[in-house]
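In what follows, a single structure is set out as structure tokens and then discussed.
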Amino acid sequence: MAAGAGRVPTPQTAALPPTGRQGRKRTIEAMTAQTDAAATPPPTPMMAQYIEIKSANPDCLLFYRMGDFYELFFDDAVEASRALGITLTKRGKHLGDDIPMAGVPVVSADDYLHKLIALGHRVAVCEQVEDPAEARKRGAKSVVRRDVVRLVTPGTITEETLLEPGRPNYLMALARLGGSGPGATFALAWTDLSTGSFRLAETDMARLSTDIAAIEPSELVVADPVFHDEAVQPLLRRFGRTARPEPQALFDGATAEERLCRFFGVATLEGFGGFTRVELAAGAALIAYLGKTQLAARPALQRPERIAPGSLMQIDPATRASLELTRTISGKRQGSLLATIDRTVTGAGGRLLAGRLAGPLTDPAAIRERQASVAHFIADMTARQRLRATLGGLPDTERALSRLSLGRGGPRDLAAIRDGLQAGLAIAASLDGDLPAELARAAAALAALPRHCLEPLAATLADDMPLSKRDGGFVREGAIAELDEARALRENSRRVIAELQGRYAAETGVRNLRIKHNNVLGYFVEVSDGQAKALTEGEGVARFIHRQTMASAMRFTTTELSELESRIAGAASEALRIELATFDRLADTVVGCADAIQRGAEALAVLDVSAALAELAVAEDWTAPLVDDSLAFHVECGRHPVVEAALKAGSGDPFVANDCDLSPPDDADAGAIWLLTGPNMGGKSTFLRQNALVAVLAQIGSYVPATRAHIGIVDRLFSRVGASDDLAEGRSTFMVEMVETAAILNQSGERALVILDEIGRGTATYDGLSIAFAAVEHLHEVNRCRALFATHFHEMTALAARLGRMKNATMRVKEWEGEVIFLHEVKPGVADRSYGIQVAKLAGLPTQAVERARQVLIQLERGEQGEKRSAFVDDLPLFSAVVRRSEAPERPADTALRDALAEVDPDSLSPREALEELYRLKGLAKPQG
């Protein structure tokens, strides 16, 4: 039995020694150290082989194939035991010490790989590359040759069980040109190995974090000097172990174009488009890293596509997190905008939608082209439903093609290509009439799918496919005569022998002729002594060859029977050999058509997304926005898509729609700013976010949740709504808030859309008020952008008197019988107060604390803090009116009147009681004495 065979990993409870990169380095040095043969026995041949392979892959966990298990030794075993919760055992000794060992079954290795990859580990998969029989020929102590066939890293996995169907899995390379100074130029190259997409983009230090966040790579490869650059380190820390330094030679710009040409088999890259030198360096580094990890396998990458600067809306990481575009704050997909709008029915469509949401367009013409595709399927409900029904049953053609190109595919991947080709050609035939440009291109790509590739797949593959090609049974009956014969021999050997026996009996006239079998002679023909002459005499009987004479019978064989016996004995292996050869032939055919199949898969994804967005628009009553090059931003009856969906799924209450108009006022050349006041729980944050989401949806080509919308292109989107501590960087909540606000004020231009909530609330009142005041003024005068600014600093509403493009708006509330009702409606004007104590009461604060808060509020509103306030605002004429009211000496009558007013509950008074109360208050207001 192979080492570890029959074991099942069990939870590890014993204490484990510390591990780490330095620990592994010491272990490798110890393993490879020269030993005194007299004092320490040399390693066994198997362990010597392991040490050699491990030394070549020091930064990977080595999965070393031994029979039915992948075994790990030394520090790898200790680390895997801790990470996977499997038993840590030992096997033999090395340099006098026990060798730690842990293992996982080959059949369930994917599950363990998934856990290790999620923790940021790299795994070198070492397989047997030689038949054990060949090793035995070299000698009894010879070890089966093994070698690493693949390095598994977070950005290079392709297994269906390890990937989310609707989420891309990007590997990214970051290159830099021009040293570490402020003038340095960066470039990004990224690929999804599971689909073959390959893109390049140039960037700079200011946009680097934003551009990487838009792609969300699973693994980031960086040149060693850049990796250790202090300016880049904070960005890389977010990736943890999935950011890897690689030698600078991989990023050599001088040889980059040549290496890319060699990979794609072209003499020049001019046919692919124009690329800068730093983009080529990033692309060549990515190709080189794939060569290191995939070894002999060559991925079927698409031709590199350059993303032009400014072609996509810039959304920084903080804004993405705040708006929860693809993930919620807690990291879950459920509850995000993507989860809410995703009506796609294929994995490729889901990935395309996620990609569009990550990078909204800034070209109105391209946006309108996408809108036209959605409109087409809205208008033709029958075509939409028929298309979605067809797409819903398709496997993931893109990822199946990638696995086949890497030599990791199985029969089901071939079937996925077959089904995708059949469906694509059928859909192309159904897309008739006057199609929008995007759909017309998709139809053309589908019509061009290679029929010569489909034909052998359809003729050869069975309907029900096994998981592994070594299981056999994936070639349909009747496709290959030789295979049918081998299967018949394997599965119906008794029937075949019986048919041959009947033929021999008929030909010889010996009715009692029998074909029998034993372990000595194998198959033989047996007749009685009296009938033997029929097999030895006469015309055409020379084929019967005498084998054995028995007491009462004679035994014969024939050349045909001997050959049949050989075929029966090897029928199973022969059937599998034929099927494996057929698989390789079909896989080669598919890979040879990779470009056309990829284009067809992309076309199906485009159709899926267009039909899905049409389904969404119809189901949720969304409308087509007008998107142009203006600075307009006018949304009528806008709604928050995620909140509205949650209300429908929960209470069923309708969402309160609101208008927003940030378009430039008359004769203005820049967009407006709305200063939004109102109580907590009134809906300010929801209103801010919903307008940002409307802009994102409009620019991905989707319809939007509103009755009408006019969106002038937004080139940068900024959101600072809520913040928390960044303990890893040692920054407080207020510091995080200020860093995000600084980014907004430093980077937003007139085409930006900015939403800000409660700037300055994280510090002392007057500090915060002054920061908020300055931020609004800067947005108005310097950035000149469209903005929504929510605040509880009601004093700021006076800014509207002197900032021409600023407007005041507030959230409506209503008080009824001492309770506050939040109407969630936005209207022009200013909130009279924040209703914070009412919200505290709703939250469940003890009654005593609520009443005490009311008393303190009354005292504060009397102006007892007036001296501090006046000292702060002497230099702010804007607030002088407020100061004058608080600085006037208060008379005793004023105090009595205020106390009496505070006690009055107008809603509880009858008309007569109200009149009497009015006379009483008038008496208190008269001067005394």
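Here's how to read the names in the structure tokens: chain A, B, ... by the order shown, residue numbers from 1 in each chain, ligand numbers from 1 in the order shown.
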Would you please give, as a list in words, all residues of segment 242-290 of chain A that DSSP assigns to strand (DSSP E) based on the backbone?
->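 Output for segment 242-290 of chain A, strand (DSSP E) only: Ala243, Arg244, Pro245 and Glu246 of chain A.
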Looking only at the backbone, which of the residues in segment 460-624 of chain A does DSSP tag as alpha helix (DSSP H), as an NGL selection string?
-> :A and (460 or 481-491 or 493-508 or 533-536 or 559-569 or 571-592 or 594-620)
Write the selection just made, keeping C-alpha atoms, as a JSON list (two decimals), in the first residue's frame?
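For reference, result.json as written:
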```json
[["chain", "number", "residue", "atom", "x", "y", "z"],
["A", 460, "THR", "CA", -18.43, 11.47, -31.19],
["A", 481, "ALA", "CA", -16.16, 0.87, -34.86],
["A", 482, "GLU", "CA", -12.92, -0.24, -33.23],
["A", 483, "LEU", "CA", -14.11, 1.10, -29.87],
["A", 484, "ASP", "CA", -17.50, -0.58, -30.23],
["A", 485, "GLU", "CA", -15.73, -3.90, -30.83],
["A", 486, "ALA", "CA", -13.50, -3.45, -27.79],
["A", 487, "ARG", "CA", -16.48, -2.54, -25.64],
["A", 488, "ALA", "CA", -18.41, -5.51, -26.95],
["A", 489, "LEU", "CA", -15.54, -7.80, -26.08],
["A", 490, "ARG", "CA", -15.22, -6.23, -22.65],
["A", 491, "GLU", "CA", -18.90, -6.20, -21.80],
["A", 493, "SER", "CA", -17.43, -11.59, -24.05],
["A", 494, "ARG", "CA", -19.76, -14.56, -23.29],
["A", 495, "ARG", "CA", -22.08, -13.57, -26.11],
["A", 496, "VAL", "CA", -19.18, -13.16, -28.55],
["A", 497, "ILE", "CA", -17.79, -16.59, -27.61],
["A", 498, "ALA", "CA", -21.22, -18.13, -27.92],
["A", 499, "GLU", "CA", -21.65, -16.64, -31.40],
["A", 500, "LEU", "CA", -18.24, -17.97, -32.47],
["A", 501, "GLN", "CA", -19.10, -21.42, -31.05],
["A", 502, "GLY", "CA", -22.33, -21.50, -33.03],
["A", 503, "ARG", "CA", -20.52, -20.57, -36.22],
["A", 504, "TYR", "CA", -17.87, -23.27, -35.71],
["A", 505, "ALA", "CA", -20.55, -25.87, -34.99],
["A", 506, "ALA", "CA", -22.42, -24.96, -38.16],
["A", 507, "GLU", "CA", -19.28, -24.97, -40.29],
["A", 508, "THR", "CA", -18.03, -28.37, -39.04],
["A", 533, "LYS", "CA", -12.23, -36.12, -37.50],
["A", 534, "ALA", "CA", -14.61, -33.35, -38.49],
["A", 535, "LEU", "CA", -12.02, -30.82, -37.25],
["A", 536, "THR", "CA", -8.94, -32.59, -38.63],
["A", 559, "THR", "CA", -5.83, -18.37, -35.00],
["A", 560, "GLU", "CA", -9.11, -16.49, -34.80],
["A", 561, "LEU", "CA", -9.81, -17.82, -31.29],
["A", 562, "SER", "CA", -6.30, -16.92, -30.09],
["A", 563, "GLU", "CA", -6.64, -13.40, -31.40],
["A", 564, "LEU", "CA", -10.09, -13.13, -29.86],
["A", 565, "GLU", "CA", -8.70, -14.29, -26.53],
["A", 566, "SER", "CA", -6.01, -11.62, -26.65],
["A", 567, "ARG", "CA", -8.55, -9.00, -27.53],
["A", 568, "ILE", "CA", -10.87, -10.04, -24.71],
["A", 569, "ALA", "CA", -8.00, -9.97, -22.23],
["A", 571, "ALA", "CA", -10.49, -5.20, -24.18],
["A", 572, "ALA", "CA", -10.85, -2.86, -21.17],
["A", 573, "SER", "CA", -7.43, -1.28, -21.59],
["A", 574, "GLU", "CA", -7.91, -1.09, -25.34],
["A", 575, "ALA", "CA", -11.29, 0.62, -24.98],
["A", 576, "LEU", "CA", -9.78, 3.19, -22.60],
["A", 577, "ARG", "CA", -6.78, 3.72, -24.91],
["A", 578, "ILE", "CA", -9.07, 4.43, -27.84],
["A", 579, "GLU", "CA", -11.19, 6.84, -25.79],
["A", 580, "LEU", "CA", -8.16, 8.71, -24.43],
["A", 581, "ALA", "CA", -6.75, 9.07, -27.94],
["A", 582, "THR", "CA", -10.13, 10.32, -29.11],
["A", 583, "PHE", "CA", -10.23, 12.83, -26.27],
["A", 584, "ASP", "CA", -6.80, 14.21, -27.19],
["A", 585, "ARG", "CA", -7.82, 14.48, -30.84],
["A", 586, "LEU", "CA", -11.04, 16.34, -30.02],
["A", 587, "ALA", "CA", -9.28, 18.59, -27.49],
["A", 588, "ASP", "CA", -6.67, 19.53, -30.11],
["A", 589, "THR", "CA", -9.47, 20.35, -32.54],
["A", 590, "VAL", "CA", -11.15, 22.60, -29.97],
["A", 591, "VAL", "CA", -7.94, 24.40, -29.00],
["A", 592, "GLY", "CA", -7.21, 24.97, -32.68],
["A", 594, "ALA", "CA", -9.95, 28.75, -29.60],
["A", 595, "ASP", "CA", -10.14, 32.30, -31.02],
["A", 596, "ALA", "CA", -13.51, 31.80, -32.69],
["A", 597, "ILE", "CA", -14.92, 29.93, -29.71],
["A", 598, "GLN", "CA", -13.79, 32.70, -27.34],
["A", 599, "ARG", "CA", -15.46, 35.33, -29.50],
["A", 600, "GLY", "CA", -18.64, 33.27, -29.55],
["A", 601, "ALA", "CA", -18.57, 32.87, -25.75],
["A", 602, "GLU", "CA", -18.16, 36.62, -25.35],
["A", 603, "ALA", "CA", -21.11, 37.17, -27.68],
["A", 604, "LEU", "CA", -23.30, 34.88, -25.59],
["A", 605, "ALA", "CA", -22.28, 36.83, -22.49],
["A", 606, "VAL", "CA", -23.25, 40.13, -24.16],
["A", 607, "LEU", "CA", -26.65, 38.70, -25.10],
["A", 608, "ASP", "CA", -27.14, 37.39, -21.58],
["A", 609, "VAL", "CA", -26.34, 40.75, -19.96],
["A", 610, "SER", "CA", -28.52, 42.71, -22.39],
["A", 611, "ALA", "CA", -31.49, 40.41, -21.89],
["A", 612, "ALA", "CA", -30.93, 40.34, -18.12],
["A", 613, "LEU", "CA", -30.91, 44.14, -17.85],
["A", 614, "ALA", "CA", -34.08, 44.23, -19.96],
["A", 615, "GLU", "CA", -35.69, 41.72, -17.61],
["A", 616, "LEU", "CA", -34.64, 43.87, -14.66],
["A", 617, "ALA", "CA", -35.99, 47.07, -16.20],
["A", 618, "VAL", "CA", -39.37, 45.50, -16.94],
["A", 619, "ALA", "CA", -39.72, 43.79, -13.56],
["A", 620, "GLU", "CA", -38.68, 46.84, -11.49]]
```
Determine, counting only C-alpha atoms, which protein, DNA and RNA residues have an atom within 10 Å of an atom of Val107 of chain A; residues of the same chain fewer than 2 positions away are not included. Present the result as a PyMOL selection string.
-> chain A and resi 68-70+104-105+109-111
Mind checking which residues fall within 12 Å of Gly92 of chain A, counting only C-alpha atoms, ignoring those fewer than 5 positions away in the same chain, and posting them as an MDAnalysis selection string?
-> chainID A and resid 3 41:44 46:47 73:74 97:101
Near segment 156-165 of chain A, counting only C-alpha atoms, which residues have an atom at most 9 Å away, once you skip same-chain residues fewer than 5 positions from it, shown as a list of chain:residue names?
-> A:Asp110, A:Asp111, A:Leu113, A:His114, A:Ile117, A:Leu151, A:Tyr170, A:Leu171, A:Asp192, A:Leu193, A:Ser194, A:Thr195, A:Ser218, A:Glu219, A:Leu290, A:Thr293, A:Gln294, A:Thr346, A:Gly347, A:Ala348, A:Gly350, A:Arg351, A:Asp396, A:Arg399, A:Ala400, A:Ser402, A:Arg403, A:Arg408
Please produce a file of the residues just selected, as a PDB file, in the first residue's frame, where the atoms kept are C-alpha atoms.
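So the final result, stored in part.pdb, reads:
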```pdb
ATOM      1  CA  ASP A 110      -9.440  20.322  -4.705  1.00  0.00           C
ATOM      2  CA  ASP A 111     -11.164  21.003  -1.395  1.00  0.00           C
ATOM      3  CA  LEU A 113      -6.328  23.363  -2.382  1.00  0.00           C
ATOM      4  CA  HIS A 114      -9.242  25.780  -2.051  1.00  0.00           C
ATOM      5  CA  ILE A 117      -5.274  29.208  -1.802  1.00  0.00           C
ATOM      6  CA  LEU A 151       2.163  25.736  -9.446  1.00  0.00           C
ATOM      7  CA  TYR A 170      -7.737  37.936 -12.122  1.00  0.00           C
ATOM      8  CA  LEU A 171      -3.980  37.625 -11.996  1.00  0.00           C
ATOM      9  CA  ASP A 192      -8.427  35.734 -16.057  1.00  0.00           C
ATOM     10  CA  LEU A 193      -6.705  32.446 -16.801  1.00  0.00           C
ATOM     11  CA  SER A 194     -10.027  30.635 -16.526  1.00  0.00           C
ATOM     12  CA  THR A 195     -11.430  32.577 -19.500  1.00  0.00           C
ATOM     13  CA  SER A 218      -6.811  37.628  -6.657  1.00  0.00           C
ATOM     14  CA  GLU A 219      -3.032  37.829  -6.989  1.00  0.00           C
ATOM     15  CA  LEU A 290       2.242  32.228 -16.301  1.00  0.00           C
ATOM     16  CA  THR A 293       3.315  28.530 -12.872  1.00  0.00           C
ATOM     17  CA  GLN A 294       1.859  26.574 -15.798  1.00  0.00           C
ATOM     18  CA  THR A 346     -24.850  32.160 -17.356  1.00  0.00           C
ATOM     19  CA  GLY A 347     -21.526  32.358 -15.558  1.00  0.00           C
ATOM     20  CA  ALA A 348     -19.997  34.351 -18.423  1.00  0.00           C
ATOM     21  CA  GLY A 350     -22.488  37.249 -14.578  1.00  0.00           C
ATOM     22  CA  ARG A 351     -18.776  37.962 -14.982  1.00  0.00           C
ATOM     23  CA  ASP A 396     -19.549  27.684 -18.963  1.00  0.00           C
ATOM     24  CA  ARG A 399     -13.819  28.216 -18.629  1.00  0.00           C
ATOM     25  CA  ALA A 400     -14.174  24.838 -20.319  1.00  0.00           C
ATOM     26  CA  SER A 402      -9.383  27.388 -20.809  1.00  0.00           C
ATOM     27  CA  ARG A 403      -9.101  24.046 -19.012  1.00  0.00           C
ATOM     28  CA  ARG A 408      -6.720  20.042 -17.401  1.00  0.00           C
TER      29      ARG A 408
END
```
